[in-house]
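Here's run_16.cif, which has mmCIF, C-alpha atoms, pLDDT in the B column; chains and numbers go by the auth columns:
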```cif
data_run
#
loop_
_atom_site.group_PDB
_atom_site.id
_atom_site.type_symbol
_atom_site.label_atom_id
_atom_site.label_comp_id
_atom_site.label_asym_id
_atom_site.label_seq_id
_atom_site.Cartn_x
_atom_site.Cartn_y
_atom_site.Cartn_z
_atom_site.B_iso_or_equiv
_atom_site.auth_seq_id
_atom_site.auth_asym_id
ATOM 1 C CA MET A 1 0.000 0.000 0.000 67.00 1 A
ATOM 2 C CA ILE A 2 1.185 3.533 -0.785 67.00 2 A
ATOM 3 C CA THR A 3 2.305 5.228 2.426 70.00 3 A
ATOM 4 C CA ASP A 4 4.121 8.411 1.322 87.00 4 A
ATOM 5 C CA LEU A 5 1.081 10.639 1.797 94.00 5 A
ATOM 6 C CA ALA A 6 0.719 13.842 3.781 93.00 6 A
ATOM 7 C CA PRO A 7 -0.030 13.191 7.475 91.00 7 A
ATOM 8 C CA ASP A 8 -3.714 14.151 7.252 91.00 8 A
ATOM 9 C CA ARG A 9 -4.207 11.789 4.299 95.00 9 A
ATOM 10 C CA GLN A 10 -2.445 8.987 6.179 95.00 10 A
ATOM 11 C CA LEU A 11 -4.706 9.508 9.179 93.00 11 A
ATOM 12 C CA ALA A 12 -7.851 9.438 7.036 95.00 12 A
ATOM 13 C CA VAL A 13 -6.656 6.210 5.394 97.00 13 A
ATOM 14 C CA ARG A 14 -6.182 4.626 8.821 95.00 14 A
ATOM 15 C CA TYR A 15 -9.773 5.538 9.655 95.00 15 A
ATOM 16 C CA ALA A 16 -11.012 3.640 6.589 97.00 16 A
ATOM 17 C CA PRO A 17 -12.017 -0.050 6.740 96.00 17 A
ATOM 18 C CA GLU A 18 -8.979 -2.275 6.347 96.00 18 A
ATOM 19 C CA GLY A 19 -10.215 -3.761 3.084 97.00 19 A
ATOM 20 C CA VAL A 20 -10.319 -0.400 1.270 97.00 20 A
ATOM 21 C CA ARG A 21 -7.254 1.298 2.717 97.00 21 A
ATOM 22 C CA ALA A 22 -4.975 0.415 -0.193 97.00 22 A
ATOM 23 C CA SER A 23 -7.553 1.670 -2.699 97.00 23 A
ATOM 24 C CA PHE A 24 -8.154 4.891 -0.770 98.00 24 A
ATOM 25 C CA ALA A 25 -4.438 5.566 -0.309 98.00 25 A
ATOM 26 C CA THR A 26 -3.711 4.994 -3.987 98.00 26 A
ATOM 27 C CA LEU A 27 -6.526 7.309 -5.058 98.00 27 A
ATOM 28 C CA LEU A 28 -5.109 10.023 -2.790 98.00 28 A
ATOM 29 C CA ALA A 29 -1.639 9.357 -4.200 98.00 29 A
ATOM 30 C CA LEU A 30 -2.979 10.091 -7.683 98.00 30 A
ATOM 31 C CA ASP A 31 -4.378 13.390 -6.425 98.00 31 A
ATOM 32 C CA ALA A 32 -0.996 14.223 -4.893 97.00 32 A
ATOM 33 C CA ARG A 33 0.813 13.397 -8.154 98.00 33 A
ATOM 34 C CA LEU A 34 -1.481 15.668 -10.172 98.00 34 A
ATOM 35 C CA ALA A 35 -1.077 18.406 -7.570 97.00 35 A
ATOM 36 C CA GLY A 36 2.683 18.105 -7.846 97.00 36 A
ATOM 37 C CA ILE A 37 2.546 18.559 -11.606 97.00 37 A
ATOM 38 C CA VAL A 38 0.545 21.763 -11.389 97.00 38 A
ATOM 39 C CA ARG A 39 2.489 23.216 -8.460 94.00 39 A
ATOM 40 C CA ALA A 40 5.800 22.622 -10.248 94.00 40 A
ATOM 41 C CA THR A 41 4.593 24.060 -13.556 93.00 41 A
ATOM 42 C CA ARG A 42 6.103 27.355 -14.702 91.00 42 A
ATOM 43 C CA GLU A 43 4.997 27.104 -18.333 95.00 43 A
ATOM 44 C CA PRO A 44 1.277 26.267 -18.733 93.00 44 A
ATOM 45 C CA MET A 45 1.915 24.470 -22.029 95.00 45 A
ATOM 46 C CA VAL A 46 4.330 22.077 -20.335 96.00 46 A
ATOM 47 C CA GLY A 47 1.906 21.448 -17.511 96.00 47 A
ATOM 48 C CA GLN A 48 -0.883 20.824 -20.006 96.00 48 A
ATOM 49 C CA MET A 49 1.240 18.244 -21.833 97.00 49 A
ATOM 50 C CA ARG A 50 2.043 16.384 -18.611 97.00 50 A
ATOM 51 C CA LEU A 51 -1.580 16.362 -17.502 98.00 51 A
ATOM 52 C CA THR A 52 -2.681 15.142 -20.936 98.00 52 A
ATOM 53 C CA TRP A 53 -0.225 12.248 -20.629 98.00 53 A
ATOM 54 C CA TRP A 54 -1.775 11.270 -17.314 98.00 54 A
ATOM 55 C CA HIS A 55 -5.308 11.610 -18.670 98.00 55 A
ATOM 56 C CA ASP A 56 -4.525 9.277 -21.539 98.00 56 A
ATOM 57 C CA ALA A 57 -2.594 6.823 -19.361 98.00 57 A
ATOM 58 C CA LEU A 58 -5.437 6.611 -16.841 98.00 58 A
ATOM 59 C CA THR A 59 -8.006 6.036 -19.580 98.00 59 A
ATOM 60 C CA ARG A 60 -5.932 3.175 -21.001 98.00 60 A
ATOM 61 C CA LEU A 61 -6.017 1.345 -17.659 98.00 61 A
ATOM 62 C CA ASP A 62 -9.465 0.063 -18.669 97.00 62 A
ATOM 63 C CA THR A 63 -8.165 -1.765 -21.726 97.00 63 A
ATOM 64 C CA THR A 64 -4.422 -2.430 -21.383 97.00 64 A
ATOM 65 C CA ASP A 65 -1.909 -3.380 -18.729 97.00 65 A
ATOM 66 C CA ALA A 66 -0.322 -0.461 -16.915 97.00 66 A
ATOM 67 C CA PRO A 67 3.170 0.536 -18.102 95.00 67 A
ATOM 68 C CA ALA A 68 6.219 0.369 -15.838 94.00 68 A
ATOM 69 C CA GLU A 69 5.118 3.366 -13.783 96.00 69 A
ATOM 70 C CA PRO A 70 4.588 2.366 -10.134 96.00 70 A
ATOM 71 C CA LEU A 71 1.614 4.627 -9.476 97.00 71 A
ATOM 72 C CA LEU A 72 -0.210 3.517 -12.620 98.00 72 A
ATOM 73 C CA GLN A 73 0.417 -0.107 -11.681 97.00 73 A
ATOM 74 C CA ALA A 74 -0.919 0.519 -8.179 97.00 74 A
ATOM 75 C CA LEU A 75 -3.961 2.306 -9.602 98.00 75 A
ATOM 76 C CA GLN A 76 -4.745 -0.580 -11.920 98.00 76 A
ATOM 77 C CA ARG A 77 -4.419 -3.102 -9.084 97.00 77 A
ATOM 78 C CA ASP A 78 -5.970 -1.236 -6.159 97.00 78 A
ATOM 79 C CA VAL A 79 -8.421 1.174 -7.773 98.00 79 A
ATOM 80 C CA VAL A 80 -9.459 -0.048 -11.228 98.00 80 A
ATOM 81 C CA GLY A 81 -9.349 -3.577 -9.851 95.00 81 A
ATOM 82 C CA GLN A 82 -11.754 -2.467 -7.127 96.00 82 A
ATOM 83 C CA GLY A 83 -14.490 -1.056 -9.303 95.00 83 A
ATOM 84 C CA VAL A 84 -13.380 2.456 -10.336 98.00 84 A
ATOM 85 C CA GLU A 85 -12.849 2.831 -14.070 98.00 85 A
ATOM 86 C CA GLY A 86 -9.695 4.347 -15.480 98.00 86 A
ATOM 87 C CA ALA A 87 -11.870 6.707 -17.498 98.00 87 A
ATOM 88 C CA ALA A 88 -13.430 7.955 -14.249 98.00 88 A
ATOM 89 C CA LEU A 89 -9.965 8.522 -12.780 98.00 89 A
ATOM 90 C CA ALA A 90 -9.026 10.480 -15.908 98.00 90 A
ATOM 91 C CA THR A 91 -11.776 13.013 -15.187 98.00 91 A
ATOM 92 C CA LEU A 92 -9.869 14.058 -12.055 98.00 92 A
ATOM 93 C CA VAL A 93 -7.229 15.562 -14.326 98.00 93 A
ATOM 94 C CA ASP A 94 -9.784 18.217 -15.321 97.00 94 A
ATOM 95 C CA GLY A 95 -9.756 19.566 -11.778 98.00 95 A
ATOM 96 C CA TRP A 96 -6.076 20.377 -12.081 98.00 96 A
ATOM 97 C CA ASP A 97 -6.080 21.404 -15.716 97.00 97 A
ATOM 98 C CA VAL A 98 -8.326 24.399 -14.950 97.00 98 A
ATOM 99 C CA LEU A 99 -5.678 25.824 -12.616 97.00 99 A
ATOM 100 C CA LEU A 100 -3.342 26.369 -15.560 96.00 100 A
ATOM 101 C CA ASP A 101 -5.637 29.201 -16.712 93.00 101 A
ATOM 102 C CA PRO A 102 -5.711 32.631 -15.013 95.00 102 A
ATOM 103 C CA LEU A 103 -7.518 32.126 -11.718 97.00 103 A
ATOM 104 C CA ASP A 104 -10.825 33.711 -10.780 98.00 104 A
ATOM 105 C CA ALA A 105 -13.846 32.733 -8.688 98.00 105 A
ATOM 106 C CA GLU A 106 -15.317 30.559 -11.458 98.00 106 A
ATOM 107 C CA ILE A 107 -12.062 28.646 -11.976 98.00 107 A
ATOM 108 C CA VAL A 108 -11.809 28.123 -8.216 98.00 108 A
ATOM 109 C CA ALA A 109 -15.346 26.696 -8.135 98.00 109 A
ATOM 110 C CA GLN A 110 -14.585 24.399 -11.077 98.00 110 A
ATOM 111 C CA HIS A 111 -11.520 23.099 -9.242 98.00 111 A
ATOM 112 C CA GLY A 112 -13.612 22.288 -6.189 98.00 112 A
ATOM 113 C CA GLU A 113 -16.135 20.377 -8.292 98.00 113 A
ATOM 114 C CA ARG A 114 -13.844 18.579 -10.731 98.00 114 A
ATOM 115 C CA ARG A 115 -11.157 17.676 -8.205 98.00 115 A
ATOM 116 C CA GLY A 116 -12.835 17.391 -4.826 98.00 116 A
ATOM 117 C CA ALA A 117 -16.440 16.416 -5.504 98.00 117 A
ATOM 118 C CA ARG A 118 -15.376 13.865 -8.117 98.00 118 A
ATOM 119 C CA LEU A 119 -12.677 12.310 -5.923 98.00 119 A
ATOM 120 C CA PHE A 120 -15.041 11.948 -2.964 98.00 120 A
ATOM 121 C CA ALA A 121 -17.687 10.430 -5.246 98.00 121 A
ATOM 122 C CA LEU A 122 -15.190 7.829 -6.480 98.00 122 A
ATOM 123 C CA ALA A 123 -14.010 7.003 -2.960 98.00 123 A
ATOM 124 C CA GLY A 124 -17.676 6.808 -1.985 98.00 124 A
ATOM 125 C CA ARG A 125 -17.948 3.619 -4.023 98.00 125 A
ATOM 126 C CA TRP A 126 -15.958 1.947 -1.237 98.00 126 A
ATOM 127 C CA MET A 127 -17.227 4.106 1.646 98.00 127 A
ATOM 128 C CA PRO A 128 -20.815 4.921 0.638 97.00 128 A
ATOM 129 C CA GLY A 129 -22.743 7.871 1.956 96.00 129 A
ATOM 130 C CA GLU A 130 -25.237 10.511 0.891 96.00 130 A
ATOM 131 C CA PRO A 131 -23.996 11.785 -2.487 97.00 131 A
ATOM 132 C CA ALA A 132 -24.797 15.437 -1.734 96.00 132 A
ATOM 133 C CA LEU A 133 -22.823 15.376 1.512 97.00 133 A
ATOM 134 C CA LEU A 134 -19.867 13.653 -0.142 98.00 134 A
ATOM 135 C CA ALA A 135 -19.874 16.209 -2.956 98.00 135 A
ATOM 136 C CA GLU A 136 -19.927 19.214 -0.615 98.00 136 A
ATOM 137 C CA ALA A 137 -17.242 17.718 1.626 98.00 137 A
ATOM 138 C CA GLY A 138 -15.096 17.038 -1.423 98.00 138 A
ATOM 139 C CA ARG A 139 -15.525 20.582 -2.669 98.00 139 A
ATOM 140 C CA GLY A 140 -14.628 21.995 0.726 97.00 140 A
ATOM 141 C CA TRP A 141 -11.592 19.729 0.989 97.00 141 A
ATOM 142 C CA ALA A 142 -10.236 20.747 -2.425 98.00 142 A
ATOM 143 C CA LEU A 143 -10.973 24.442 -1.970 98.00 143 A
ATOM 144 C CA ALA A 144 -9.401 24.618 1.488 96.00 144 A
ATOM 145 C CA ASP A 145 -6.325 22.850 0.144 96.00 145 A
ATOM 146 C CA LEU A 146 -6.145 25.309 -2.743 97.00 146 A
ATOM 147 C CA ALA A 147 -6.414 28.221 -0.310 96.00 147 A
ATOM 148 C CA ALA A 148 -3.474 26.834 1.649 94.00 148 A
ATOM 149 C CA HIS A 149 -1.234 26.575 -1.426 94.00 149 A
ATOM 150 C CA VAL A 150 -2.126 29.335 -3.899 96.00 150 A
ATOM 151 C CA SER A 151 0.224 32.308 -3.824 94.00 151 A
ATOM 152 C CA GLN A 152 -2.360 34.942 -4.835 96.00 152 A
ATOM 153 C CA SER A 153 -3.917 36.275 -1.636 96.00 153 A
ATOM 154 C CA GLU A 154 -7.144 37.347 -3.316 97.00 154 A
ATOM 155 C CA ILE A 155 -7.637 33.892 -4.843 98.00 155 A
ATOM 156 C CA ALA A 156 -6.837 32.266 -1.500 97.00 156 A
ATOM 157 C CA ALA A 157 -9.556 34.394 0.097 96.00 157 A
ATOM 158 C CA VAL A 158 -12.073 33.355 -2.575 97.00 158 A
ATOM 159 C CA ALA A 159 -11.173 29.682 -2.113 97.00 159 A
ATOM 160 C CA ARG A 160 -11.522 29.936 1.670 95.00 160 A
ATOM 161 C CA GLU A 161 -14.926 31.577 1.366 96.00 161 A
ATOM 162 C CA GLN A 162 -16.178 28.926 -1.043 97.00 162 A
ATOM 163 C CA ALA A 163 -14.750 26.211 1.207 96.00 163 A
ATOM 164 C CA ARG A 164 -16.608 27.583 4.239 94.00 164 A
ATOM 165 C CA GLY A 165 -19.899 27.376 2.384 96.00 165 A
ATOM 166 C CA ALA A 166 -19.221 23.836 1.209 97.00 166 A
ATOM 167 C CA PHE A 167 -18.185 22.668 4.676 95.00 167 A
ATOM 168 C CA ALA A 168 -21.282 24.242 6.236 94.00 168 A
ATOM 169 C CA ASP A 169 -23.510 22.281 3.858 96.00 169 A
ATOM 170 C CA ALA A 170 -21.485 19.079 4.174 96.00 170 A
ATOM 171 C CA PHE A 171 -21.671 18.910 7.951 94.00 171 A
ATOM 172 C CA ALA A 172 -25.200 20.204 8.465 93.00 172 A
ATOM 173 C CA ARG A 173 -26.512 16.631 8.812 94.00 173 A
ATOM 174 C CA ARG A 174 -25.341 13.399 10.413 96.00 174 A
ATOM 175 C CA TRP A 175 -22.988 11.199 8.385 97.00 175 A
ATOM 176 C CA PRO A 176 -23.345 7.403 8.306 96.00 176 A
ATOM 177 C CA ALA A 177 -20.451 5.426 9.756 96.00 177 A
ATOM 178 C CA SER A 178 -19.616 4.008 6.317 97.00 178 A
ATOM 179 C CA SER A 179 -18.507 7.365 4.892 98.00 179 A
ATOM 180 C CA ARG A 180 -17.000 8.996 7.975 97.00 180 A
ATOM 181 C CA PRO A 181 -13.379 8.395 6.844 97.00 181 A
ATOM 182 C CA LEU A 182 -14.126 10.756 3.950 97.00 182 A
ATOM 183 C CA GLY A 183 -15.753 13.261 6.260 96.00 183 A
ATOM 184 C CA ALA A 184 -12.711 13.039 8.512 95.00 184 A
ATOM 185 C CA LEU A 185 -10.423 13.818 5.561 96.00 185 A
ATOM 186 C CA ALA A 186 -12.454 16.945 4.836 95.00 186 A
ATOM 187 C CA LEU A 187 -12.428 17.999 8.488 93.00 187 A
ATOM 188 C CA LEU A 188 -8.675 17.498 8.710 91.00 188 A
ATOM 189 C CA GLN A 189 -8.180 19.865 5.771 91.00 189 A
ATOM 190 C CA HIS A 190 -10.696 22.278 7.278 86.00 190 A
ATOM 191 C CA GLY A 191 -8.584 22.307 10.423 75.00 191 A
ATOM 192 C CA VAL A 192 -5.529 23.390 8.437 64.00 192 A
ATOM 193 C CA THR A 193 -7.209 26.536 7.155 61.00 193 A
ATOM 194 C CA ASP A 194 -9.657 27.249 9.983 59.00 194 A
ATOM 195 C CA ALA A 195 -8.770 29.844 12.597 53.00 195 A
ATOM 196 C CA ALA A 196 -9.862 27.503 15.405 51.00 196 A
ATOM 197 C CA ALA A 197 -7.218 26.312 17.836 45.00 197 A
ATOM 198 C CA PRO A 198 -5.716 22.875 17.043 47.00 198 A
ATOM 199 C CA TRP A 199 -7.273 21.244 20.110 43.00 199 A
ATOM 200 C CA ARG A 200 -10.683 22.432 18.986 57.00 200 A
ATOM 201 C CA SER A 201 -10.212 20.914 15.532 71.00 201 A
ATOM 202 C CA PHE A 202 -9.113 17.624 17.096 77.00 202 A
ATOM 203 C CA ALA A 203 -12.130 17.616 19.403 82.00 203 A
ATOM 204 C CA ARG A 204 -14.422 18.184 16.409 85.00 204 A
ATOM 205 C CA LEU A 205 -12.803 15.310 14.535 86.00 205 A
ATOM 206 C CA THR A 206 -13.173 12.952 17.502 88.00 206 A
ATOM 207 C CA ARG A 207 -16.819 13.860 17.916 91.00 207 A
ATOM 208 C CA PHE A 208 -17.443 13.392 14.202 92.00 208 A
ATOM 209 C CA ARG A 209 -15.911 9.909 14.170 91.00 209 A
ATOM 210 C CA LEU A 210 -18.139 8.874 17.065 92.00 210 A
ATOM 211 C CA THR A 211 -21.402 10.556 16.149 94.00 211 A
ATOM 212 C CA GLY A 212 -21.228 11.589 12.487 93.00 212 A
ATOM 213 C CA ARG A 213 -21.892 15.255 13.432 89.00 213 A
#
```

As structure tokens - that is how I would like this structure written.
Amino acid sequence: MITDLAPDRQLAVRYAPEGVRASFATLLALDARLAGIVRATREPMVGQMRLTWWHDALTRLDTTDAPAEPLLQALQRDVVGQGVEGAALATLVDGWDVLLDPLDAEIVAQHGERRGARLFALAGRWMPGEPALLAEAGRGWALADLAAHVSQSEIAAVAREQARGAFADAFARRWPASSRPLGALALLQHGVTDAAAPWRSFARLTRFRLTGR
């Protein structure tokens, strides 16, 4: 199982049922790889070419054996082999591709939908929950992460504001136990960007794991 994830991702994976941890970790590793491409890109054309390669490679996982690329091999084994199509994984590339354009509120919203909501929907195949809650939590997770990494202060503020709205909707109702690892991932990211003290964020996470609220 892939283990070189950020600490909050590792914790969320440990919360997941043992039988889906490898799949969940590998899906998050794909997100991290795509993030790394965009964050290292200085020339949008180069970033576009690299993302297009990944889009095509992910799509081919449905019909051919993965090439000698460890992450693609892990994705074919642990994700495609567990019911998530390569073509569905390829749609996650769209969430990063939009960030290669000049950023504004609409681009930020598209990132939240195409990266976060889609990723949580795919992971929800293994950890099912109410689709609307998963989508809002995924949007909040992606937007809060964007706010923590984007260098433009005005865009960071827009992303934080959109994330707050998504989180408010996501956690307005009780979550079933089956999807709480995904809710925990969103709350962990919320804690990174929220002004609340760390102990308060941890207390919220503990309560959520126990009660779903």

Check your understanding: Of the candidates A:Ala29, A:Leu34, A:Met127, A:Leu210, which one gets nearest to Ala90 in chain A if we count all atoms listed in the file?
Key ->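 Distance minimum relative to Ala90 in chain A lands on A:Leu34.
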
Check your understanding: When you draw a straight line from CA of Arg204 in chain A to CA of Leu30 in chain A, how long is it in Å?
Key ->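 Interatomic distance, CA of Arg204 in chain A to CA of Leu30 in chain A: 27.9 Å.
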
**Study point:** Between CA of Thr26 in chain A and CA of Val108 in chain A - distance in Å to one decimal
**Key:**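 Between CA of Val108 in chain A and CA of Thr26 in chain A the gap is 24.9 Å.
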
Polymer residues at most 10 Å from range 70-76 of chain A, all atoms listed in the file, same-chain spacing of 5 or more positions, as a tab-separated table (two decimals) with C-alpha atoms, keeping the file's coordinate frame:
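Output contents, as saved in result_37.tsv:
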```tsv
chain	number	residue	atom	x	y	z
A	1	MET	CA	0.00	0.00	0.00
A	2	ILE	CA	1.18	3.53	-0.78
A	22	ALA	CA	-4.97	0.42	-0.19
A	23	SER	CA	-7.55	1.67	-2.70
A	25	ALA	CA	-4.44	5.57	-0.31
A	26	THR	CA	-3.71	4.99	-3.99
A	27	LEU	CA	-6.53	7.31	-5.06
A	29	ALA	CA	-1.64	9.36	-4.20
A	30	LEU	CA	-2.98	10.09	-7.68
A	33	ARG	CA	0.81	13.40	-8.15
A	54	TRP	CA	-1.78	11.27	-17.31
A	57	ALA	CA	-2.59	6.82	-19.36
A	58	LEU	CA	-5.44	6.61	-16.84
A	60	ARG	CA	-5.93	3.18	-21.00
A	61	LEU	CA	-6.02	1.34	-17.66
A	62	ASP	CA	-9.46	0.06	-18.67
A	64	THR	CA	-4.42	-2.43	-21.38
A	65	ASP	CA	-1.91	-3.38	-18.73
A	81	GLY	CA	-9.35	-3.58	-9.85
A	82	GLN	CA	-11.75	-2.47	-7.13
A	84	VAL	CA	-13.38	2.46	-10.34
A	85	GLU	CA	-12.85	2.83	-14.07
A	86	GLY	CA	-9.70	4.35	-15.48
A	89	LEU	CA	-9.96	8.52	-12.78
```

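Note that the spacing between CA of Thr206 in chain A and CA of Leu188 in chain A amounts to 10.9 Å.
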
Point to revise | Residue among A:Asp101, A:Ala177, A:Asp169, A:Ala117 lying closest to Gly47 in chain A, counting only C-alpha atoms | key: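 The shortest atom-to-atom distance to Gly47 in chain A comes from A:Asp101.
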
Review point. Taking into account all atoms listed in the file, which residue in the set A:Leu134, A:Ala170, A:Leu103, A:Val93 is nearest to Arg213 in chain A?
Key: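 Between A:Leu134, A:Ala170, A:Leu103, A:Val93, the residue approaching Arg213 in chain A most closely is A:Ala170.
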
Check your understanding: Between A:Arg173, A:Arg14, A:His149, A:Arg118, which one has atoms that come closest to Val38 in chain A, using all atoms listed in the file?
Key ->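 Smallest distance to Val38 in chain A is found for A:His149.
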
Return as lines of an AutoDock Vina configuration file the box centre and box size in Å, one decimal, for an axis-aligned box around all listed atoms of range 23-35 of chain A padded by 4 Å per side.
```
center_x = -3.7
center_y = 10.0
center_z = -5.2
size_x = 17.0
size_y = 24.7
size_z = 17.9
```

Practice item. Using only C-alpha atoms, pick whichever of A:Thr211, A:Ser179, A:Gln152, A:Thr52 has the shortest atom-to-atom distance to Ala12 in chain A. Key: A:Ser179

Practice item. Please provide the set of residues having any atom within 9 Å of Asp94 in chain A, restricted to only C-alpha atoms, with same-chain residues fewer than 3 positions apart removed, written as a PyMOL selection string. Key: chain A and resi 51+55+90-91+97-98+110-111+114-115

Practice item. Please evaluate the PyMOL selection byres ((chain A and resi 156) around 12) against the displayed coordinates and give the resulting residues as number ranges by chain. Key: A: 103-105, 108, 143-155, 157-163, 193

Exercise for review: Tell me, as a PyMOL selection string, which residues lie within 10 Å of Phe171 in chain A, counting all atoms listed in the file; anything in the same chain fewer than 5 positions away does not count.
Suggested key: chain A and resi 133-134+136-137+166+183+186-187+208+212-213

Practice item. Can you give me, as a VMD selection string, the residues this file yields under the PyMOL selection byres ((chain A and resi 185) around 12)? Key: chain A and resid 6 to 16 24 to 25 28 116 119 to 120 123 134 137 to 142 144 to 145 167 179 to 184 186 to 192 205 208 to 209
